[in-house]
>>> print(open('structure_21.pdb').read())   # PDB, C-alpha atoms
ATOM      1  CA  MET B   1     170.705 132.920 273.390
ATOM      2  CA  ALA B   2     168.171 132.629 270.590
ATOM      3  CA  SER B   3     166.023 129.511 270.627
ATOM      4  CA  GLU B   4     166.369 126.871 267.932
ATOM      5  CA  PRO B   5     163.909 127.018 265.013
ATOM      6  CA  SER B   6     160.597 125.338 265.821
ATOM      7  CA  LEU B   7     159.273 125.009 262.269
ATOM      8  CA  PRO B   8     159.118 121.512 260.751
ATOM      9  CA  PRO B   9     161.974 120.951 258.288
ATOM     10  CA  GLU B  10     159.475 120.419 255.466
ATOM     11  CA  LEU B  11     158.037 123.884 256.088
ATOM     12  CA  GLU B  12     161.499 125.438 256.294
ATOM     13  CA  ARG B  13     162.332 123.846 252.959
ATOM     14  CA  GLU B  14     159.120 125.195 251.411
ATOM     15  CA  ILE B  15     159.855 128.712 252.686
ATOM     16  CA  PHE B  16     163.387 128.532 251.362
ATOM     17  CA  GLU B  17     162.328 127.325 247.918
ATOM     18  CA  ILE B  18     159.592 129.957 247.570
ATOM     19  CA  SER B  19     162.044 132.692 248.573
ATOM     20  CA  ALA B  20     164.572 131.478 246.036
ATOM     21  CA  VAL B  21     162.054 131.231 243.200
ATOM     22  CA  ARG B  22     160.317 134.558 243.827
ATOM     23  CA  HIS B  23     163.542 136.499 244.346
ATOM     24  CA  PRO B  24     165.966 135.113 241.744
ATOM     25  CA  ARG B  25     168.588 137.812 242.361
ATOM     26  CA  MET B  26     168.910 136.596 245.954
ATOM     27  CA  ALA B  27     169.899 133.083 244.885
ATOM     28  CA  PRO B  28     173.660 133.486 245.530
ATOM     29  CA  VAL B  29     172.954 134.837 249.010
ATOM     30  CA  LEU B  30     170.480 132.084 249.869
ATOM     31  CA  VAL B  31     172.949 129.381 248.876
ATOM     32  CA  ARG B  32     175.373 130.781 251.433
ATOM     33  CA  VAL B  33     173.005 130.968 254.402
ATOM     34  CA  ALA B  34     175.494 128.805 256.296
ATOM     35  CA  ARG B  35     174.108 127.856 259.692
ATOM     36  CA  ARG B  36     170.395 127.736 258.864
ATOM     37  CA  VAL B  37     170.980 125.845 255.629
ATOM     38  CA  LEU B  38     173.352 123.409 257.288
ATOM     39  CA  VAL B  39     170.931 122.662 260.144
ATOM     40  CA  TRP B  40     168.099 122.122 257.679
ATOM     41  CA  SER B  41     170.208 119.822 255.522
ATOM     42  CA  VAL B  42     171.384 117.722 258.470
ATOM     43  CA  VAL B  43     167.828 117.312 259.775
ATOM     44  CA  LEU B  44     166.585 116.150 256.382
ATOM     45  CA  ARG B  45     169.456 113.671 256.026
ATOM     46  CA  SER B  46     168.690 112.138 259.417
ATOM     47  CA  MET B  47     165.005 111.836 258.527
ATOM     48  CA  THR B  48     165.395 110.365 255.059
ATOM     49  CA  MET B  49     168.642 108.394 255.498
ATOM     50  CA  LEU B  50     170.098 110.043 252.407
ATOM     51  CA  ILE B  51     173.794 109.763 251.666
ATOM     52  CA  PRO B  52     175.467 112.853 253.196
ATOM     53  CA  MET B  53     176.121 115.702 250.803
ATOM     54  CA  SER B  54     176.949 119.367 251.111
ATOM     55  CA  SER B  55     174.120 121.821 251.654
ATOM     56  CA  ASP B  56     174.930 123.646 248.417
ATOM     57  CA  VAL B  57     174.458 120.448 246.405
ATOM     58  CA  ARG B  58     171.097 119.804 248.060
ATOM     59  CA  ILE B  59     169.769 123.319 247.828
ATOM     60  CA  GLU B  60     171.243 124.949 244.745
ATOM     61  CA  PRO B  61     168.972 123.198 242.199
ATOM     62  CA  PHE B  62     165.900 124.661 243.886
ATOM     63  CA  LEU B  63     167.216 128.145 243.188
ATOM     64  CA  TYR B  64     166.695 127.391 239.511
ATOM     65  CA  ARG B  65     163.107 126.119 239.525
ATOM     66  CA  ALA B  66     162.123 128.984 237.190
ATOM     67  CA  ILE B  67     164.577 129.901 234.439
ATOM     68  CA  LEU B  68     164.364 132.712 231.914
ATOM     69  CA  VAL B  69     167.086 132.132 229.332
ATOM     70  CA  ASN B  70     168.020 135.663 228.354
ATOM     71  CA  ASN B  71     171.290 137.594 228.331
ATOM     72  CA  SER B  72     171.444 137.944 232.120
ATOM     73  CA  ARG B  73     174.255 136.736 234.362
ATOM     74  CA  ARG B  74     171.848 134.375 236.110
ATOM     75  CA  ALA B  75     170.898 132.681 232.838
ATOM     76  CA  SER B  76     174.544 132.418 231.817
ATOM     77  CA  THR B  77     175.440 130.846 235.173
ATOM     78  CA  PHE B  78     172.640 128.328 234.789
ATOM     79  CA  LEU B  79     173.677 127.308 231.259
ATOM     80  CA  LYS B  80     177.234 126.716 232.452
ATOM     81  CA  ALA B  81     176.064 124.801 235.522
ATOM     82  CA  ILE B  82     173.900 122.294 233.645
ATOM     83  CA  LYS B  83     176.978 121.218 231.668
ATOM     84  CA  ILE B  84     179.103 120.387 234.710
ATOM     85  CA  LYS B  85     176.651 119.355 237.438
ATOM     86  CA  GLY B  86     174.709 116.114 237.751
ATOM     87  CA  PRO B  87     171.303 115.385 236.187
ATOM     88  CA  ALA B  88     169.511 116.323 239.418
ATOM     89  CA  PHE B  89     170.502 119.943 238.881
ATOM     90  CA  ALA B  90     168.705 120.365 235.544
ATOM     91  CA  ASP B  91     165.889 118.050 236.647
ATOM     92  CA  ALA B  92     164.889 120.605 239.301
ATOM     93  CA  VAL B  93     163.788 123.132 236.647
ATOM     94  CA  ARG B  94     160.001 123.312 236.356
ATOM     95  CA  HIS B  95     159.490 126.606 234.480
ATOM     96  CA  LEU B  96     161.601 127.440 231.410
ATOM     97  CA  ARG B  97     161.374 130.234 228.852
ATOM     98  CA  PHE B  98     163.629 130.969 225.904
ATOM     99  CA  ASP B  99     163.894 134.704 225.302
ATOM    100  CA  PRO B 100     164.528 135.705 221.662
ATOM    101  CA  HIS B 101     167.314 138.053 222.769
ATOM    102  CA  ALA B 102     169.453 135.358 224.423
ATOM    103  CA  SER B 103     171.710 134.906 221.390
ATOM    104  CA  ALA B 104     174.754 136.195 223.291
ATOM    105  CA  ILE B 105     174.750 133.146 225.582
ATOM    106  CA  LEU B 106     172.836 130.468 223.658
ATOM    107  CA  LEU B 107     173.022 129.294 220.068
ATOM    108  CA  VAL B 108     169.769 128.465 218.332
ATOM    109  CA  ASP B 109     171.017 124.944 217.632
ATOM    110  CA  ASP B 110     171.735 124.391 221.346
ATOM    111  CA  ALA B 111     168.253 125.277 222.592
ATOM    112  CA  ALA B 112     166.954 121.732 222.089
ATOM    113  CA  ASN B 113     169.880 120.336 224.094
ATOM    114  CA  VAL B 114     169.123 122.669 227.002
ATOM    115  CA  LEU B 115     165.466 121.649 226.919
ATOM    116  CA  LYS B 116     166.443 117.978 226.803
ATOM    117  CA  LEU B 117     168.469 118.317 230.011
ATOM    118  CA  CYS B 118     165.566 120.026 231.787
ATOM    119  CA  LYS B 119     163.257 117.038 231.502
ATOM    120  CA  GLY B 120     161.234 117.989 234.585
ATOM    121  CA  VAL B 121     159.876 121.169 232.982
ATOM    122  CA  THR B 122     156.079 121.410 232.986
ATOM    123  CA  ASN B 123     155.718 125.112 232.107
ATOM    124  CA  PHE B 124     157.469 126.056 228.852
ATOM    125  CA  ALA B 125     157.458 129.233 226.788
ATOM    126  CA  THR B 126     159.523 129.973 223.724
ATOM    127  CA  LEU B 127     159.572 133.036 221.516
ATOM    128  CA  GLY B 128     161.349 134.141 218.372
ATOM    129  CA  ARG B 129     164.488 132.494 217.012
ATOM    130  CA  PHE B 130     164.579 129.629 219.501
ATOM    131  CA  THR B 131     161.160 128.379 218.394
ATOM    132  CA  ASN B 132     161.720 125.806 215.659
ATOM    133  CA  PRO B 133     161.031 122.144 214.793
ATOM    134  CA  THR B 134     164.224 120.894 216.514
ATOM    135  CA  LEU B 135     162.342 121.246 219.811
ATOM    136  CA  LEU B 136     159.564 118.854 218.779
ATOM    137  CA  PRO B 137     161.320 115.494 219.409
ATOM    138  CA  VAL B 138     162.349 116.688 222.873
ATOM    139  CA  LEU B 139     158.909 118.031 223.753
ATOM    140  CA  ALA B 140     157.383 114.706 222.691
ATOM    141  CA  THR B 141     159.231 112.977 225.552
ATOM    142  CA  MET B 142     158.221 115.505 228.213
ATOM    143  CA  HIS B 143     155.045 116.153 230.185
ATOM    144  CA  ILE B 144     154.472 119.821 229.425
ATOM    145  CA  GLN B 145     151.315 121.186 231.020
ATOM    146  CA  ARG B 146     151.597 124.887 230.224
ATOM    147  CA  LEU B 147     152.785 126.043 226.815
ATOM    148  CA  VAL B 148     153.262 129.518 225.345
ATOM    149  CA  VAL B 149     154.258 129.291 221.686
ATOM    150  CA  ARG B 150     153.761 130.434 218.122
ATOM    151  CA  LEU B 151     152.695 127.166 216.520
ATOM    152  CA  SER B 152     153.730 128.037 212.971
ATOM    153  CA  ASP B 153     157.295 128.699 214.179
ATOM    154  CA  LEU B 154     157.432 125.534 216.261
ATOM    155  CA  PHE B 155     156.336 123.332 213.358
ATOM    156  CA  GLY B 156     158.201 125.229 210.649
ATOM    157  CA  GLY B 157     155.170 126.583 208.832
ATOM    158  CA  ARG B 158     151.437 127.060 209.123
ATOM    159  CA  HIS B 159     150.529 123.996 207.078
ATOM    160  CA  ALA B 160     152.889 121.780 209.078
ATOM    161  CA  ILE B 161     151.095 122.393 212.400
ATOM    162  CA  ASP B 162     150.081 119.074 213.926
ATOM    163  CA  LEU B 163     148.004 119.261 217.100
ATOM    164  CA  ALA B 164     148.024 115.456 217.269
ATOM    165  CA  HIS B 165     151.732 115.635 218.147
ATOM    166  CA  PRO B 166     152.505 113.826 221.449
ATOM    167  CA  LEU B 167     153.575 117.067 223.136
ATOM    168  CA  PHE B 168     149.919 118.175 223.305
ATOM    169  CA  MET B 169     148.686 115.109 225.189
ATOM    170  CA  THR B 170     149.387 116.653 228.600
ATOM    171  CA  ILE B 171     148.804 120.338 227.826
ATOM    172  CA  THR B 172     146.280 121.965 230.174
ATOM    173  CA  HIS B 173     147.088 125.646 229.518
ATOM    174  CA  LEU B 174     147.763 126.616 225.895
ATOM    175  CA  ASP B 175     148.655 130.160 224.861
ATOM    176  CA  ILE B 176     148.780 130.424 221.055
ATOM    177  CA  LEU B 177     150.770 133.493 220.088
ATOM    178  CA  GLU B 178     150.011 133.848 216.397
ATOM    179  CA  PRO B 179     147.373 136.493 215.748
ATOM    180  CA  LEU B 180     144.494 134.734 214.064
ATOM    181  CA  LEU B 181     143.860 137.703 211.805
ATOM    182  CA  ASP B 182     143.404 135.506 208.769
ATOM    183  CA  SER B 183     140.335 133.283 208.868
ATOM    184  CA  ASP B 184     142.330 130.599 207.048
ATOM    185  CA  VAL B 185     144.845 130.535 209.918
ATOM    186  CA  ALA B 186     142.020 130.138 212.404
ATOM    187  CA  LEU B 187     140.578 127.300 210.357
ATOM    188  CA  ASP B 188     143.979 125.591 210.215
ATOM    189  CA  ILE B 189     144.412 125.586 213.991
ATOM    190  CA  CYS B 190     141.136 125.805 215.887
ATOM    191  CA  PRO B 191     139.178 122.773 214.596
ATOM    192  CA  ALA B 192     141.895 120.447 215.945
ATOM    193  CA  LEU B 193     141.948 121.948 219.452
ATOM    194  CA  PRO B 194     139.001 119.918 220.850
ATOM    195  CA  ALA B 195     141.095 116.765 220.349
ATOM    196  CA  LEU B 196     143.570 117.867 223.026
ATOM    197  CA  PRO B 197     142.620 115.525 225.889
ATOM    198  CA  ALA B 198     143.806 117.593 228.875
ATOM    199  CA  LEU B 199     143.079 121.149 227.671
ATOM    200  CA  THR B 200     141.350 123.307 230.307
ATOM    201  CA  HIS B 201     142.659 126.830 229.554
ATOM    202  CA  LEU B 202     143.031 128.308 226.069
ATOM    203  CA  CYS B 203     144.195 131.764 224.983
ATOM    204  CA  LEU B 204     143.933 132.998 221.383
ATOM    205  CA  GLY B 205     144.840 136.109 219.453
ATOM    206  CA  THR B 206     142.096 138.159 217.848
ATOM    207  CA  MET B 207     140.444 137.706 214.481
ATOM    208  CA  THR B 208     139.367 140.539 212.197
ATOM    209  CA  SER B 209     136.162 138.892 211.050
ATOM    210  CA  SER B 210     133.476 138.874 213.728
ATOM    211  CA  THR B 211     131.674 136.056 211.909
ATOM    212  CA  THR B 212     134.785 133.885 212.004
ATOM    213  CA  LEU B 213     135.443 134.877 215.612
ATOM    214  CA  TRP B 214     132.046 133.981 217.050
ATOM    215  CA  THR B 215     131.686 130.797 215.001
ATOM    216  CA  THR B 216     135.124 129.603 216.074
ATOM    217  CA  LEU B 217     134.647 130.453 219.747
ATOM    218  CA  ASP B 218     131.226 128.823 219.828
ATOM    219  CA  MET B 219     132.734 125.629 218.403
ATOM    220  CA  LEU B 220     135.567 125.615 220.949
ATOM    221  CA  LEU B 221     133.263 126.217 223.907
ATOM    222  CA  ALA B 222     130.966 123.424 222.765
ATOM    223  CA  ASP B 223     133.533 120.838 221.696
ATOM    224  CA  CYS B 224     136.482 121.201 224.118
ATOM    225  CA  ALA B 225     135.183 118.793 226.737
ATOM    226  CA  ARG B 226     137.302 119.945 229.687
ATOM    227  CA  LEU B 227     137.590 123.646 228.852
ATOM    228  CA  GLN B 228     137.226 125.908 231.890
ATOM    229  CA  LEU B 229     138.332 129.191 230.342
ATOM    230  CA  LEU B 230     138.639 130.591 226.826
ATOM    231  CA  ALA B 231     140.434 133.903 226.403
ATOM    232  CA  VAL B 232     140.718 136.119 223.331
ATOM    233  CA  LEU B 233     143.107 139.063 223.506
ATOM    234  CA  TRP B 234     143.465 142.157 221.344
ATOM    235  CA  PRO B 235     146.845 143.920 220.931
ATOM    236  CA  LYS B 236     145.278 147.306 221.709
ATOM    237  CA  HIS B 237     141.957 148.909 222.524
ATOM    238  CA  THR B 238     140.008 150.130 219.499
ATOM    239  CA  ALA B 239     136.478 151.287 218.848
ATOM    240  CA  SER B 240     136.006 148.395 216.428
ATOM    241  CA  SER B 241     136.930 145.851 219.102
ATOM    242  CA  ASP B 242     134.306 147.345 221.416
ATOM    243  CA  VAL B 243     131.699 147.151 218.661
ATOM    244  CA  MET B 244     132.644 143.546 217.923
ATOM    245  CA  LEU B 245     132.471 142.625 221.611
ATOM    246  CA  ALA B 246     129.074 144.271 222.027
ATOM    247  CA  SER B 247     127.741 142.237 219.126
ATOM    248  CA  THR B 248     128.647 138.827 220.522
ATOM    249  CA  PRO B 249     125.880 136.236 220.300
ATOM    250  CA  LEU B 250     127.692 134.022 222.830
ATOM    251  CA  ARG B 251     126.350 133.485 226.335
ATOM    252  CA  ASP B 252     129.036 131.406 228.015
ATOM    253  CA  VAL B 253     130.578 132.560 231.313
ATOM    254  CA  ARG B 254     133.874 130.843 230.435
ATOM    255  CA  LEU B 255     134.587 133.433 227.744
ATOM    256  CA  VAL B 256     137.077 136.176 228.649
ATOM    257  CA  MET B 257     138.167 139.016 226.373
ATOM    258  CA  GLY B 258     140.629 141.810 226.917
ATOM    259  CA  LEU B 259     143.828 143.561 225.943
ATOM    260  CA  ASP B 260     146.962 141.552 225.341
ATOM    261  CA  ARG B 261     149.451 141.433 228.208
ATOM    262  CA  ASN B 262     153.213 141.634 228.396
ATOM    263  CA  ILE B 263     154.160 138.002 227.780
ATOM    264  CA  SER B 264     157.510 138.300 229.564
ATOM    265  CA  VAL B 265     156.079 139.886 232.700
ATOM    266  CA  ASP B 266     153.082 137.576 232.815
ATOM    267  CA  TRP B 267     155.109 134.382 232.361
ATOM    268  CA  ALA B 268     157.548 135.415 235.089
ATOM    269  CA  ALA B 269     154.675 136.090 237.475
ATOM    270  CA  GLY B 270     153.085 132.712 236.836
ATOM    271  CA  ALA B 271     156.396 130.868 237.120
ATOM    272  CA  THR B 272     157.039 132.370 240.543
ATOM    273  CA  GLY B 273     153.561 131.808 241.941
ATOM    274  CA  LEU B 274     152.414 135.420 241.682
ATOM    275  CA  PRO B 275     149.112 136.704 240.231
ATOM    276  CA  ASN B 276     149.130 136.429 236.445
ATOM    277  CA  PHE B 277     146.757 136.491 233.506
ATOM    278  CA  TRP B 278     145.463 132.968 234.100
ATOM    279  CA  THR B 279     144.713 133.546 237.789
ATOM    280  CA  GLU B 280     143.082 136.890 237.021
ATOM    281  CA  ALA B 281     140.913 135.368 234.287
ATOM    282  CA  GLU B 282     139.963 132.453 236.559
ATOM    283  CA  SER B 283     138.855 134.906 239.233
ATOM    284  CA  PHE B 284     136.848 136.824 236.619
ATOM    285  CA  VAL B 285     135.026 133.656 235.529
ATOM    286  CA  ALA B 286     134.419 132.647 239.159
ATOM    287  CA  ARG B 287     132.821 136.034 239.864
ATOM    288  CA  LYS B 288     130.489 135.511 236.916
ATOM    289  CA  ARG B 289     129.578 132.005 238.041
ATOM    290  CA  SER B 290     128.809 133.216 241.568
ATOM    291  CA  GLY B 291     126.605 136.050 240.324
ATOM    292  CA  GLU B 292     128.879 138.762 241.705
ATOM    293  CA  ILE B 293     128.994 140.211 238.194
ATOM    294  CA  SER B 294     126.829 139.529 235.173
ATOM    295  CA  GLY B 295     127.615 136.394 233.238
ATOM    296  CA  MET B 296     127.210 138.474 230.088
ATOM    297  CA  ILE B 297     130.263 140.616 230.897
ATOM    298  CA  PHE B 298     133.202 139.315 228.890
ATOM    299  CA  LYS B 299     135.713 142.162 228.932
ATOM    300  CA  LEU B 300     138.435 141.824 231.551
ATOM    301  CA  TYR B 301     140.287 144.976 232.599
ATOM    302  CA  SER B 302     143.650 143.684 233.748
ATOM    303  CA  THR B 303     145.448 145.334 236.661
ATOM    304  CA  LEU B 304     148.644 143.299 236.327
ATOM    305  CA  ARG B 305     151.511 145.552 235.382
ATOM    306  CA  LYS B 306     154.364 144.879 237.828
ATOM    307  CA  ALA B 307     157.543 143.469 236.317
ATOM    308  CA  LEU B 308     159.922 141.008 237.970
ATOM    309  CA  THR B 309     163.699 141.339 237.935
ATOM    310  CA  TRP B 310     165.524 138.272 236.639
ATOM    311  CA  ALA B 311     168.996 139.704 236.144
TER     312      ALA B 311
END
>>> encode(input="structure_21.pdb", output="structure tokens")
Amino acid sequence: MASEPSLPPELEREIFEISAVRHPRMAPVLVRVARRVLVWSVVLRSMTMLIPMSSDVRIEPFLYRAILVNNSRRASTFLKAIKIKGPAFADAVRHLRFDPHASAILLVDDAANVLKLCKGVTNFATLGRFTNPTLLPVLATMHIQRLVVRLSDLFGGRHAIDLAHPLFMTITHLDILEPLLDSDVALDICPALPALPALTHLCLGTMTSSTTLWTTLDMLLADCARLQLLAVLWPKHTASSDVMLASTPLRDVRLVMGLDRNISVDWAAGATGLPNFWTEAESFVARKRSGEISGMIFKLYSTLRKALTWA
């Protein structure tokens, strides 16, 4: 007869949660792992003196720690579940992204309500039609740490952007999606970024003017007190981008430049604990700091291309 599991229940729980988050399509199967799940649940109840509850109720929320709201069956199941299950179900969500093609299962006007239910989210990304000012009052009550957004869409216009909004008080990783091709756009957004009190990681789109680019980056590197990494991404490789990069007067190892990544793939990787743009850029900066590569090398050649399946 096989011996009983010898792992501590806390470790079993961690393994189970990681498996569920990294392999979303396996969620229905994991919920029904009868004997192992039941043993784990009983052990935890005896340790914590919790009121008895079924294993599915205890475990199911953890299968939805990372949610991509698209047109998939999994997303549809989640949206239905948050309407009928208790607050603890939606509270378990930590990573949430609204896909612009989710219109078949989510109305634009309902996006704010979904976000409001998922008040434990710390990593939020929103693209396209679901990005609008109705999200702002909800975001102001949350503690978002990682944000991927087009600011002009979120605030309803370029001139309405307000980086003093409460939502930015806890942001550590900010990925601004609008291409800063117009120097006026850069001047509208960038001077206010040093006021963000928790900002450590910043990613910007490219600018066509090298003068505007270097002046802006120099200001950000000097004035953002906690900044550990500043990334600037181009949509594609061009000879002009190489010339611009070669002409940089900056000498700061925190600066990282490279080609833009697939936002969907990269967000999914980060939400499930896999290598992503931020971890790759951090490693790049660490190699420069250690002297493994020259601190004057700024161009990062990304090797992250693998997609995750969320259906």
>>> atom_distance(input="structure_21.pdb", atom1="atom CA of Gly128 of chain B", atom2="atom CA of Lys116 of chain B")
18.9 Å
>>> resolve_selection(input="structure_21.pdb", expression="the PyMOL selection byres ((chain B and resi 96) around 8)", output="ChimeraX atom specification")
/B:66-69,93-95,97-98,121,123-125
>>> resolve_selection(input="structure_21.pdb", expression="the PyMOL selection byres ((chain B and resi 112-115) around 12)", output="PyMOL selection string")
chain B and resi 67+69+75+78-83+87+90-91+93-98+105-111+116-126+130-142+144+154
>>> atom_distance(input="structure_21.pdb", atom1="atom CA of Ile84 of chain B", atom2="atom CA of Thr272 of chain B")
25.8 Å
>>> atom_distance(input="structure_21.pdb", atom1="atom CA of Leu229 of chain B", atom2="atom CA of Trp214 of chain B")
15.5 Å
>>> decode(input="structure_21.pdb", residues="segment 142-156 of chain B", atoms="C-alpha atoms", output="compact mmCIF listing (two decimals), in the first residue's frame")
# COMPACT_ATOMS: atom_id res chain seq x y z
CA MET B 142 -7.54 49.21 -4.62
CA HIS B 143 -3.84 48.60 -4.03
CA ILE B 144 -2.65 48.00 -7.58
CA GLN B 145 1.09 47.40 -7.80
CA ARG B 146 1.50 46.47 -11.46
CA LEU B 147 -0.40 48.35 -14.15
CA VAL B 148 -0.44 47.98 -17.94
CA VAL B 149 -2.59 50.69 -19.51
CA ARG B 150 -3.00 53.38 -22.13
CA LEU B 151 -3.36 56.43 -19.91
CA SER B 152 -5.24 58.59 -22.41
CA ASP B 153 -7.94 55.90 -22.70
CA LEU B 154 -8.18 55.39 -18.96
CA PHE B 155 -8.67 59.10 -18.27
CA GLY B 156 -10.77 59.83 -21.35
